[in-house]
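Student: mmCIF, C-alpha atoms, file coords.cif:
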data_upload
loop_
_atom_site.label_atom_id
_atom_site.label_comp_id
_atom_site.auth_asym_id
_atom_site.auth_seq_id
_atom_site.Cartn_x
_atom_site.Cartn_y
_atom_site.Cartn_z
CA MET A 17 0.00 0.00 0.00
CA ALA A 18 1.64 3.21 -1.24
CA TRP A 19 -0.02 5.58 1.24
CA PHE A 20 2.50 4.78 3.97
CA LYS A 21 5.54 4.39 1.72
CA ARG A 22 7.82 7.26 0.68
CA GLU A 23 8.22 6.71 -3.04
CA ILE A 24 9.82 10.11 -3.75
CA LYS A 25 12.68 11.54 -1.73
CA GLY A 26 11.72 14.50 0.45
CA ILE A 27 14.75 16.07 2.11
CA ILE A 28 17.60 15.29 -0.26
CA THR A 29 20.42 17.14 1.59
CA THR A 30 22.81 14.63 3.09
CA THR A 31 24.06 15.04 6.64
CA GLU A 32 27.53 15.94 5.34
CA GLU A 33 26.11 18.77 3.21
CA LYS A 34 24.03 20.37 5.95
CA LYS A 35 25.09 23.83 7.04
CA GLU A 36 24.75 25.30 10.51
CA THR A 37 23.29 28.76 11.00
CA PRO A 38 26.20 31.09 11.89
CA ASP A 39 26.31 32.42 15.45
CA GLY A 40 24.99 35.94 15.90
CA ILE A 41 22.50 35.89 13.01
CA TRP A 42 19.53 35.57 15.37
CA ASN A 43 19.05 37.08 18.80
CA LYS A 44 16.17 37.02 21.27
CA CYS A 45 14.79 40.16 22.88
CA PRO A 46 15.32 39.83 26.67
CA GLN A 47 12.05 41.66 27.33
CA CYS A 48 9.43 40.36 24.86
CA LYS A 49 11.33 37.14 23.97
CA LYS A 50 10.68 37.57 20.24
CA PRO A 51 13.36 36.57 17.72
CA LEU A 52 15.39 39.37 16.13
CA HIS A 53 17.41 38.98 12.94
CA TYR A 54 20.82 40.66 12.89
CA THR A 55 20.03 42.84 9.86
CA GLU A 56 16.85 44.07 11.57
CA GLN A 57 18.85 44.91 14.70
CA VAL A 58 21.34 46.97 12.70
CA GLU A 59 18.60 48.80 10.78
CA ASN A 60 16.79 49.60 14.03
CA GLN A 61 20.01 50.60 15.81
CA TYR A 62 19.89 47.60 18.14
CA VAL A 63 16.46 48.44 19.54
CA CYS A 64 13.76 45.75 19.53
CA HIS A 65 11.20 46.80 16.91
CA TYR A 66 8.48 44.89 18.77
CA CYS A 67 8.72 46.38 22.28
CA GLY A 68 11.37 49.12 22.08
CA TYR A 69 13.82 47.34 24.40
CA HIS A 70 17.37 48.70 24.03
CA LEU A 71 19.73 45.78 23.53
CA ARG A 72 23.12 45.95 25.21
CA ILE A 73 25.79 46.91 22.69
CA GLY A 74 29.46 47.84 22.80
CA SER A 75 31.74 50.54 21.44
CA LYS A 76 31.79 49.08 17.92
CA GLU A 77 28.00 49.43 17.63
CA TYR A 78 27.80 52.85 19.32
CA PHE A 79 30.48 54.23 17.00
CA SER A 80 28.56 52.92 13.98
CA VAL A 81 25.34 54.52 15.25
CA LEU A 82 26.83 57.93 16.08
CA PHE A 83 29.78 58.69 13.80
CA ASP A 84 28.99 59.86 10.26
CA ASN A 85 29.40 56.88 7.89
CA ASN A 86 31.06 55.03 10.78
CA GLU A 87 34.27 56.96 10.04
CA PHE A 88 36.50 57.75 13.00
CA THR A 89 40.07 57.60 14.22
CA GLU A 90 40.69 55.46 17.29
CA LEU A 91 42.94 57.08 19.90
CA PHE A 92 45.33 55.22 22.21
CA PRO A 93 44.32 51.76 20.94
CA ASP A 94 47.26 49.81 22.41
CA LEU A 95 47.04 50.64 26.13
CA THR A 96 46.73 47.47 28.24
CA SER A 97 46.51 46.78 31.96
CA GLY A 98 49.49 45.81 34.07
CA ASP A 99 49.30 43.74 37.23
CA PRO A 100 50.64 46.06 39.96
CA LEU A 101 49.27 43.91 42.80
CA HIS A 102 50.09 40.48 41.30
CA PHE A 103 46.43 39.67 41.90
CA THR A 104 45.08 36.12 41.82
CA ASP A 105 41.56 34.85 42.50
CA THR A 106 40.31 31.82 40.56
CA LYS A 107 43.05 32.65 38.05
CA LYS A 108 45.88 35.14 37.66
CA TYR A 109 44.82 38.66 36.67
CA THR A 110 47.30 38.62 33.78
CA ASP A 111 45.73 35.39 32.49
CA ARG A 112 42.24 36.86 32.83
CA ILE A 113 43.28 39.94 30.83
CA THR A 114 44.87 37.84 28.08
CA GLU A 115 41.88 35.50 27.90
CA THR A 116 39.38 38.38 27.73
CA GLN A 117 41.40 40.19 25.07
CA PHE A 118 41.40 37.04 22.94
CA LYS A 119 37.67 36.44 23.48
CA THR A 120 36.48 40.02 22.82
CA GLY A 121 39.13 41.41 20.47
CA LEU A 122 39.42 44.42 22.79
CA LYS A 123 42.48 45.70 24.63
CA ASP A 124 40.50 46.91 27.64
CA ALA A 125 37.04 48.02 28.74
CA LEU A 126 37.08 51.38 26.92
CA ARG A 127 37.73 52.66 23.41
CA VAL A 128 38.16 56.26 22.31
CA GLY A 129 37.30 57.55 18.85
CA VAL A 130 37.33 60.98 17.25
CA GLY A 131 35.16 61.76 14.25
CA LYS A 132 32.15 63.75 13.11
CA ILE A 133 28.50 63.59 14.11
CA ASN A 134 26.33 65.41 11.56
CA GLU A 135 29.47 67.23 10.39
CA GLN A 136 30.44 68.33 13.92
CA ASP A 137 33.67 67.15 15.55
CA LEU A 138 33.25 64.95 18.61
CA VAL A 139 35.46 62.79 20.83
CA ILE A 140 33.64 59.69 22.10
CA ALA A 141 34.90 57.45 24.91
CA CYS A 142 32.78 54.31 25.08
CA MET A 143 32.90 51.48 27.61
CA ASP A 144 32.52 47.79 26.70
CA PHE A 145 30.66 45.64 29.23
CA ASN A 146 31.99 42.44 27.64
CA PHE A 147 35.47 43.21 28.95
CA ILE A 148 35.40 42.07 32.60
CA GLY A 149 32.00 43.64 33.19
CA GLY A 150 33.09 47.03 31.84
CA SER A 151 35.10 47.45 35.03
CA MET A 152 37.06 50.66 35.54
CA GLY A 153 40.77 49.97 35.87
CA SER A 154 43.91 52.04 35.30
CA VAL A 155 43.64 51.82 31.51
CA VAL A 156 40.05 53.06 31.50
CA GLY A 157 41.01 56.06 33.65
CA GLU A 158 44.11 56.80 31.59
CA LYS A 159 42.24 56.63 28.28
CA ILE A 160 39.53 58.98 29.57
CA ALA A 161 42.19 61.39 30.84
CA ARG A 162 44.02 61.36 27.50
CA ALA A 163 40.73 61.73 25.59
CA ILE A 164 39.92 64.83 27.65
CA ASP A 165 43.42 66.22 26.96
CA HIS A 166 42.75 65.68 23.24
CA SER A 167 39.42 67.51 23.53
CA ILE A 168 41.05 70.44 25.31
CA GLU A 169 43.96 70.63 22.87
CA HIS A 170 41.74 70.57 19.77
CA LYS A 171 38.70 72.28 21.37
CA ILE A 172 36.37 69.38 20.54
CA PRO A 173 33.33 68.43 22.68
CA PHE A 174 33.61 65.20 24.68
CA LEU A 175 31.01 62.42 24.96
CA MET A 176 31.38 59.70 27.58
CA ILE A 177 29.26 56.54 27.12
CA SER A 178 29.22 54.63 30.41
CA LYS A 179 28.37 50.94 30.72
CA SER A 180 30.02 49.39 33.73
CA GLY A 181 29.76 47.22 36.81
CA GLY A 182 32.04 49.62 38.69
CA ALA A 183 35.68 49.65 39.79
CA ARG A 184 37.95 46.72 38.90
CA MET A 185 38.70 44.92 42.15
CA MET A 186 41.85 43.29 40.75
CA GLU A 187 43.53 46.71 40.79
CA ALA A 188 42.11 47.82 44.18
CA ALA A 189 43.29 51.35 45.08
CA PHE A 190 44.77 51.87 41.60
CA SER A 191 41.25 51.49 40.24
CA LEU A 192 39.65 53.75 42.85
CA MET A 193 42.17 56.49 42.07
CA GLN A 194 40.70 56.71 38.56
CA MET A 195 37.60 58.31 40.10
CA ALA A 196 39.64 61.27 41.33
CA LYS A 197 41.81 61.36 38.22
CA THR A 198 38.93 61.52 35.75
CA SER A 199 36.97 64.00 37.88
CA ALA A 200 39.98 66.33 38.01
CA LYS A 201 40.41 66.11 34.23
CA LEU A 202 36.72 66.92 33.71
CA ALA A 203 37.19 70.02 35.87
CA LEU A 204 39.91 71.15 33.44
CA LEU A 205 37.54 70.47 30.55
CA GLY A 206 34.95 72.69 32.26
CA GLN A 207 37.50 75.47 32.77
CA ALA A 208 38.28 75.32 29.06
CA LYS A 209 34.53 75.77 28.40
CA ILE A 210 34.35 72.64 26.25
CA PRO A 211 31.03 70.73 26.43
CA TYR A 212 30.94 67.38 28.21
CA ILE A 213 28.00 65.05 27.57
CA SER A 214 27.54 61.98 29.74
CA LEU A 215 25.44 59.13 28.32
CA LEU A 216 24.49 56.46 30.87
CA THR A 217 23.50 53.08 29.42
CA ASP A 218 22.48 49.73 30.87
CA PRO A 219 24.07 49.13 33.35
CA THR A 220 25.95 52.06 34.89
CA THR A 221 26.86 51.27 38.49
CA GLY A 222 29.53 51.51 41.20
CA GLY A 223 32.48 53.87 41.05
CA VAL A 224 31.68 54.90 37.48
CA THR A 225 28.32 56.33 38.59
CA ALA A 226 30.01 57.94 41.57
CA SER A 227 32.50 59.79 39.37
CA TYR A 228 32.56 60.81 35.71
CA ALA A 229 29.18 59.36 34.69
CA MET A 230 27.27 61.94 36.75
CA LEU A 231 29.45 64.97 36.02
CA GLY A 232 28.22 65.89 32.55
CA ASP A 233 27.09 69.34 31.47
CA ILE A 234 24.07 67.26 30.57
CA ASN A 235 23.45 63.74 31.82
CA ILE A 236 21.31 61.62 29.51
CA ALA A 237 20.36 57.95 29.52
CA GLU A 238 18.76 55.30 27.37
CA PRO A 239 15.27 54.09 28.35
CA GLY A 240 15.14 51.40 31.01
CA SER A 241 18.84 51.57 31.89
CA LEU A 242 19.96 50.37 35.32
CA ILE A 243 21.68 53.31 37.00
CA GLY A 244 22.90 53.29 40.59
CA PHE A 245 25.79 52.89 42.97
CA ALA A 246 25.17 49.79 45.08
CA GLY A 247 22.86 47.10 43.72
CA PRO A 248 19.18 46.89 44.73
CA ARG A 249 19.73 43.69 46.74
CA VAL A 250 22.50 45.27 48.83
CA ILE A 251 20.43 48.40 49.47
CA LYS A 252 17.37 46.38 50.46
CA GLU A 253 19.39 44.29 52.92
CA THR A 254 20.97 47.44 54.37
CA ILE A 255 17.83 49.54 54.93
CA LYS A 256 15.58 46.52 55.67
CA LYS A 257 12.76 47.94 53.53
CA ASP A 258 11.17 47.10 50.21
CA LEU A 259 12.34 49.32 47.38
CA PRO A 260 9.97 51.41 45.20
CA LYS A 261 8.81 49.99 41.89
CA GLY A 262 11.26 50.75 39.09
CA PHE A 263 14.02 51.60 41.58
CA GLN A 264 17.32 52.54 39.84
CA THR A 265 15.83 52.57 36.34
CA ALA A 266 16.66 55.59 34.19
CA GLU A 267 13.06 56.79 34.53
CA PHE A 268 13.23 56.61 38.36
CA VAL A 269 16.61 58.37 38.43
CA GLN A 270 15.35 61.17 36.14
CA GLU A 271 12.25 61.63 38.29
CA HIS A 272 14.52 62.23 41.29
CA GLY A 273 16.64 64.83 39.51
CA PHE A 274 19.83 62.98 38.58
CA LEU A 275 19.25 62.94 34.82
CA ASP A 276 18.38 65.69 32.36
CA PHE A 277 16.94 63.59 29.54
CA ILE A 278 16.10 60.05 28.52
CA VAL A 279 16.67 59.59 24.79
CA ASP A 280 15.78 56.69 22.52
CA ARG A 281 18.88 55.32 20.81
CA ARG A 282 17.26 55.79 17.39
CA GLU A 283 17.03 59.53 18.08
CA MET A 284 20.35 59.84 19.91
CA LYS A 285 22.46 61.16 17.06
CA GLU A 286 20.04 63.97 16.22
CA GLU A 287 19.59 64.93 19.87
CA LEU A 288 23.35 65.05 20.49
CA SER A 289 23.87 67.03 17.29
CA ALA A 290 21.21 69.56 18.32
CA PHE A 291 22.84 70.01 21.74
CA LEU A 292 26.29 70.51 20.21
CA LYS A 293 24.91 73.17 17.85
CA MET A 294 23.22 74.91 20.75
CA MET A 295 26.44 74.95 22.80
CA LYS A 296 28.44 76.15 19.82
CA ASN A 297 26.15 79.10 19.25
#
For the file at hand, write its structure as structure tokens.

Tutor:
Amino acid sequence: MAWFKREIKGIITTTEEKKETPDGIWNKCPQCKKPLHYTEQVENQYVCHYCGYHLRIGSKEYFSVLFDNNEFTELFPDLTSGDPLHFTDTKKYTDRITETQFKTGLKDALRVGVGKINEQDLVIACMDFNFIGGSMGSVVGEKIARAIDHSIEHKIPFLMISKSGGARMMEAAFSLMQMAKTSAKLALLGQAKIPYISLLTDPTTGGVTASYAMLGDINIAEPGSLIGFAGPRVIKETIKKDLPKGFQTAEFVQEHGFLDFIVDRREMKEELSAFLKMMKN
């Protein structure tokens, strides 16, 4: 009886000829759980077109979103962390740095680029969360300091994009000193009357929030970003009270006066360009 027999081949691709879907082609929105194709993510500037959730991205993606035609010159690309304390936890700090550099293709948790945004010069320092949680170590502080020096020397506005878990514990006091170092450099930028824009993204926490991230001439954030110093769990255990709904979200922080604006990433370039023009005039 032919009704249960396969007389014509259906799938004719042999196992050896099958091809796997490359990694990174598809992603899933963490909020609405719907599948997102990579080309759609790029076209929508890494914002979910179903629910508006802002996906976490790094310096490569931010530079492509903000710089005209993705054209920029990277500054100080070869700075890498030392190991002043000979730190070891589950592995040596030097091994962790080498392993993370190989995995991410980054030298450290921050990249600096100089280019144009709608034909206006801008220096952008952007943190990468994939590099040891975007932690602030000596290299991060040094790159920010040198980027500010470049802004002062060439009279170019400075944009800092923060995305960090805080100070890098493997460098202890060396890391904490970056808070004072970067704050002092930003004071010099202010004296030179050069605009400083701070963009806080998800997440911005710890010593980064306590220093340069909150010192902008304007402080702006992306919708729904986690912004705070200590984490919600630590705060709840300390004060022994339930926290308000939406605690430490960008919307909550703005409502309590710590942010000037919340800007959708798809409108970020135009908003930044408008602010730069206003400051210039």

Student: State, in Å with one decimal place, the distance from atom CA of Glu115 of chain A to atom CA of Ala188 of chain A.

Tutor: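 Answer for the atom CA of Glu115 of chain A to atom CA of Ala188 of chain A separation: 20.4 Å.
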
Student: Given the PyMOL selection byres ((chain A and resi 223-232) around 7) and the file above, list the residues it selects as a VMD selection string.

Tutor: chain A and resid 178 180 182 to 183 195 198 to 199 212 to 214 216 220 to 222 233 to 235 244 to 245

Student: Write the residues of the preceding selection, restricted to C-alpha atoms, as a short mmCIF file (atom, residue, chain, number, x, y, z; two decimals), keeping the file's coordinate frame.

Tutor:
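again14.cif, written as the output of this step:
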data_model
loop_
_atom_site.label_atom_id
_atom_site.label_comp_id
_atom_site.auth_asym_id
_atom_site.auth_seq_id
_atom_site.Cartn_x
_atom_site.Cartn_y
_atom_site.Cartn_z
CA SER A 178 29.22 54.63 30.41
CA SER A 180 30.02 49.39 33.73
CA GLY A 182 32.04 49.62 38.69
CA ALA A 183 35.68 49.65 39.79
CA MET A 195 37.60 58.31 40.10
CA THR A 198 38.93 61.52 35.75
CA SER A 199 36.97 64.00 37.88
CA TYR A 212 30.94 67.38 28.21
CA ILE A 213 28.00 65.05 27.57
CA SER A 214 27.54 61.98 29.74
CA LEU A 216 24.49 56.46 30.87
CA THR A 220 25.95 52.06 34.89
CA THR A 221 26.86 51.27 38.49
CA GLY A 222 29.53 51.51 41.20
CA ASP A 233 27.09 69.34 31.47
CA ILE A 234 24.07 67.26 30.57
CA ASN A 235 23.45 63.74 31.82
CA GLY A 244 22.90 53.29 40.59
CA PHE A 245 25.79 52.89 42.97
#

Student: Given the choices A:Ser289, A:Ser167, A:Thr116, A:Ser151, which gets closest to Lys132 of chain A if the distance is worked out from all atoms listed in the file?

Tutor: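 Ranked by minimum distance to Lys132 of chain A, first place goes to A:Ser289.
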
Student: Would you mind reading off the distance between atom CA of Pro173 of chain A and atom CA of Asn60 of chain A, one decimal, in Å?

Tutor: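 According to the coordinates, atom CA of Pro173 of chain A and atom CA of Asn60 of chain A are separated by 26.5 Å.
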
Student: Given the choices A:Met186, A:Pro211, A:Val139, A:Arg281, which gets closest to Glu77 of chain A if the distance is worked out from all atoms listed in the file?

Tutor: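 Looking at the shortest contact to Glu77 of chain A, the residue is A:Arg281.
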
Student: Go ahead and compute the interatomic distance for atom CA of Pro219 of chain A and atom CA of Leu175 of chain A, in Å to one decimal.

Tutor: 17.2 Å

Student: For Ala163 of chain A, which of A:Asp99, A:Phe145, A:Leu91, A:Phe190 is the closest residue, counting only C-alpha atoms?

Tutor: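 Closest candidate: A:Leu91.
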
Student: Each side padded by 8 Å, which centre and which edge lengths in Å (one decimal) define the axis-aligned box around the listed atoms of segment 98-117 of chain A? Give them as JSON.

Tutor:
{"center_x": 45.0, "center_y": 38.9, "center_z": 33.9, "size_x": 27.3, "size_y": 30.2, "size_z": 33.7}

Student: Evaluating the PyMOL selection byres ((chain A and resi 45) around 12) on the displayed file yields which residues, as a ChimeraX atom specification?

Tutor: /A:42-44,46-54,57,62-72

Student: Taking 4 positions as the minimum chain separation for residues in the same chain, which residues sit within 10 Å of Ile168 of chain A when counting all atoms listed in the file? Answer as a PyMOL selection string.

Tutor: chain A and resi 162-164+172-174+201+204-210

Student: Of the candidates A:Leu202, A:Ile41, A:Ile278, A:Met143, which one gets nearest to Ile73 of chain A if we count all atoms listed in the file?

Tutor: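 For Ile73 of chain A, the nearest of the candidates is A:Met143.
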
Student: Applying the PyMOL selection byres ((chain A and resi 284) around 10) to the file I just gave you, which residues come out? Please list them as a PDB file with C-alpha atoms, keeping the file's coordinate frame.

Tutor:
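Contents of part-v8.pdb, freshly written:
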ATOM      1  CA  VAL A  81      25.340  54.520  15.250  1.00  0.00           C
ATOM      2  CA  LEU A  82      26.830  57.930  16.080  1.00  0.00           C
ATOM      3  CA  LEU A 215      25.440  59.130  28.320  1.00  0.00           C
ATOM      4  CA  ILE A 236      21.310  61.620  29.510  1.00  0.00           C
ATOM      5  CA  ALA A 237      20.360  57.950  29.520  1.00  0.00           C
ATOM      6  CA  GLU A 238      18.760  55.300  27.370  1.00  0.00           C
ATOM      7  CA  ILE A 278      16.100  60.050  28.520  1.00  0.00           C
ATOM      8  CA  VAL A 279      16.670  59.590  24.790  1.00  0.00           C
ATOM      9  CA  ASP A 280      15.780  56.690  22.520  1.00  0.00           C
ATOM     10  CA  ARG A 281      18.880  55.320  20.810  1.00  0.00           C
ATOM     11  CA  ARG A 282      17.260  55.790  17.390  1.00  0.00           C
ATOM     12  CA  GLU A 283      17.030  59.530  18.080  1.00  0.00           C
ATOM     13  CA  LYS A 285      22.460  61.160  17.060  1.00  0.00           C
ATOM     14  CA  GLU A 286      20.040  63.970  16.220  1.00  0.00           C
ATOM     15  CA  GLU A 287      19.590  64.930  19.870  1.00  0.00           C
ATOM     16  CA  LEU A 288      23.350  65.050  20.490  1.00  0.00           C
ATOM     17  CA  SER A 289      23.870  67.030  17.290  1.00  0.00           C
ATOM     18  CA  ALA A 290      21.210  69.560  18.320  1.00  0.00           C
TER      19      ALA A 290
END

Student: Using only C-alpha atoms, can you tell me which of A:Ser241, A:Gln264, A:Thr114, A:Thr104 comes closest to Met185 of chain A?

Tutor: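 Among the listed residues, A:Thr104 lies closest to Met185 of chain A.
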
Student: Point out the residue among A:Met176, A:Asp137, A:Gly74, A:Glu87 with the least atom-to-atom distance to Gly149 of chain A, counting all atoms listed in the file.

Tutor: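 When distances to Gly149 of chain A are compared using all atoms listed in the file, the smallest one comes from A:Gly74.
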
Student: Tell me, as an MDAnalysis selection string, which residues lie within 9 Å of segment 118-128 of chain A, counting all atoms listed in the file; anything in the same chain fewer than 2 positions away does not count.

Tutor: chainID A and resid 75:76 89:97 113:116 130 139:153 155:156 159:160 163 180

Student: Write segment 195-206 of chain A as a PDB file, in the frame of the given file, completed to N, CA and C atoms.

Tutor:
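Printed below is rebuild28.pdb as written:
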ATOM      1  N   MET A 195      38.742  57.435  39.834  1.00  0.00           N
ATOM      2  CA  MET A 195      37.600  58.310  40.100  1.00  0.00           C
ATOM      3  C   MET A 195      38.062  59.739  40.284  1.00  0.00           C
ATOM      4  N   ALA A 196      39.102  59.923  41.092  1.00  0.00           N
ATOM      5  CA  ALA A 196      39.640  61.270  41.330  1.00  0.00           C
ATOM      6  C   ALA A 196      40.329  61.822  40.087  1.00  0.00           C
ATOM      7  N   LYS A 197      41.047  60.951  39.410  1.00  0.00           N
ATOM      8  CA  LYS A 197      41.810  61.360  38.220  1.00  0.00           C
ATOM      9  C   LYS A 197      40.886  61.886  37.120  1.00  0.00           C
ATOM     10  N   THR A 198      39.842  61.120  36.819  1.00  0.00           N
ATOM     11  CA  THR A 198      38.930  61.520  35.750  1.00  0.00           C
ATOM     12  C   THR A 198      38.110  62.751  36.143  1.00  0.00           C
ATOM     13  N   SER A 199      37.733  62.834  37.420  1.00  0.00           N
ATOM     14  CA  SER A 199      36.970  64.000  37.880  1.00  0.00           C
ATOM     15  C   SER A 199      37.799  65.273  37.774  1.00  0.00           C
ATOM     16  N   ALA A 200      39.087  65.170  38.107  1.00  0.00           N
ATOM     17  CA  ALA A 200      39.980  66.330  38.010  1.00  0.00           C
ATOM     18  C   ALA A 200      40.153  66.764  36.547  1.00  0.00           C
ATOM     19  N   LYS A 201      40.273  65.790  35.654  1.00  0.00           N
ATOM     20  CA  LYS A 201      40.410  66.110  34.230  1.00  0.00           C
ATOM     21  C   LYS A 201      39.149  66.777  33.687  1.00  0.00           C
ATOM     22  N   LEU A 202      37.982  66.318  34.161  1.00  0.00           N
ATOM     23  CA  LEU A 202      36.720  66.920  33.710  1.00  0.00           C
ATOM     24  C   LEU A 202      36.596  68.360  34.210  1.00  0.00           C
ATOM     25  N   ALA A 203      37.182  68.644  35.370  1.00  0.00           N
ATOM     26  CA  ALA A 203      37.190  70.020  35.870  1.00  0.00           C
ATOM     27  C   ALA A 203      37.994  70.916  34.925  1.00  0.00           C
ATOM     28  N   LEU A 204      39.103  70.394  34.403  1.00  0.00           N
ATOM     29  CA  LEU A 204      39.910  71.150  33.440  1.00  0.00           C
ATOM     30  C   LEU A 204      39.133  71.361  32.139  1.00  0.00           C
ATOM     31  N   LEU A 205      38.366  70.349  31.748  1.00  0.00           N
ATOM     32  CA  LEU A 205      37.540  70.470  30.550  1.00  0.00           C
ATOM     33  C   LEU A 205      36.498  71.576  30.736  1.00  0.00           C
ATOM     34  N   GLY A 206      35.921  71.650  31.945  1.00  0.00           N
ATOM     35  CA  GLY A 206      34.950  72.690  32.260  1.00  0.00           C
ATOM     36  C   GLY A 206      35.580  74.080  32.235  1.00  0.00           C
TER      37      GLY A 206
END
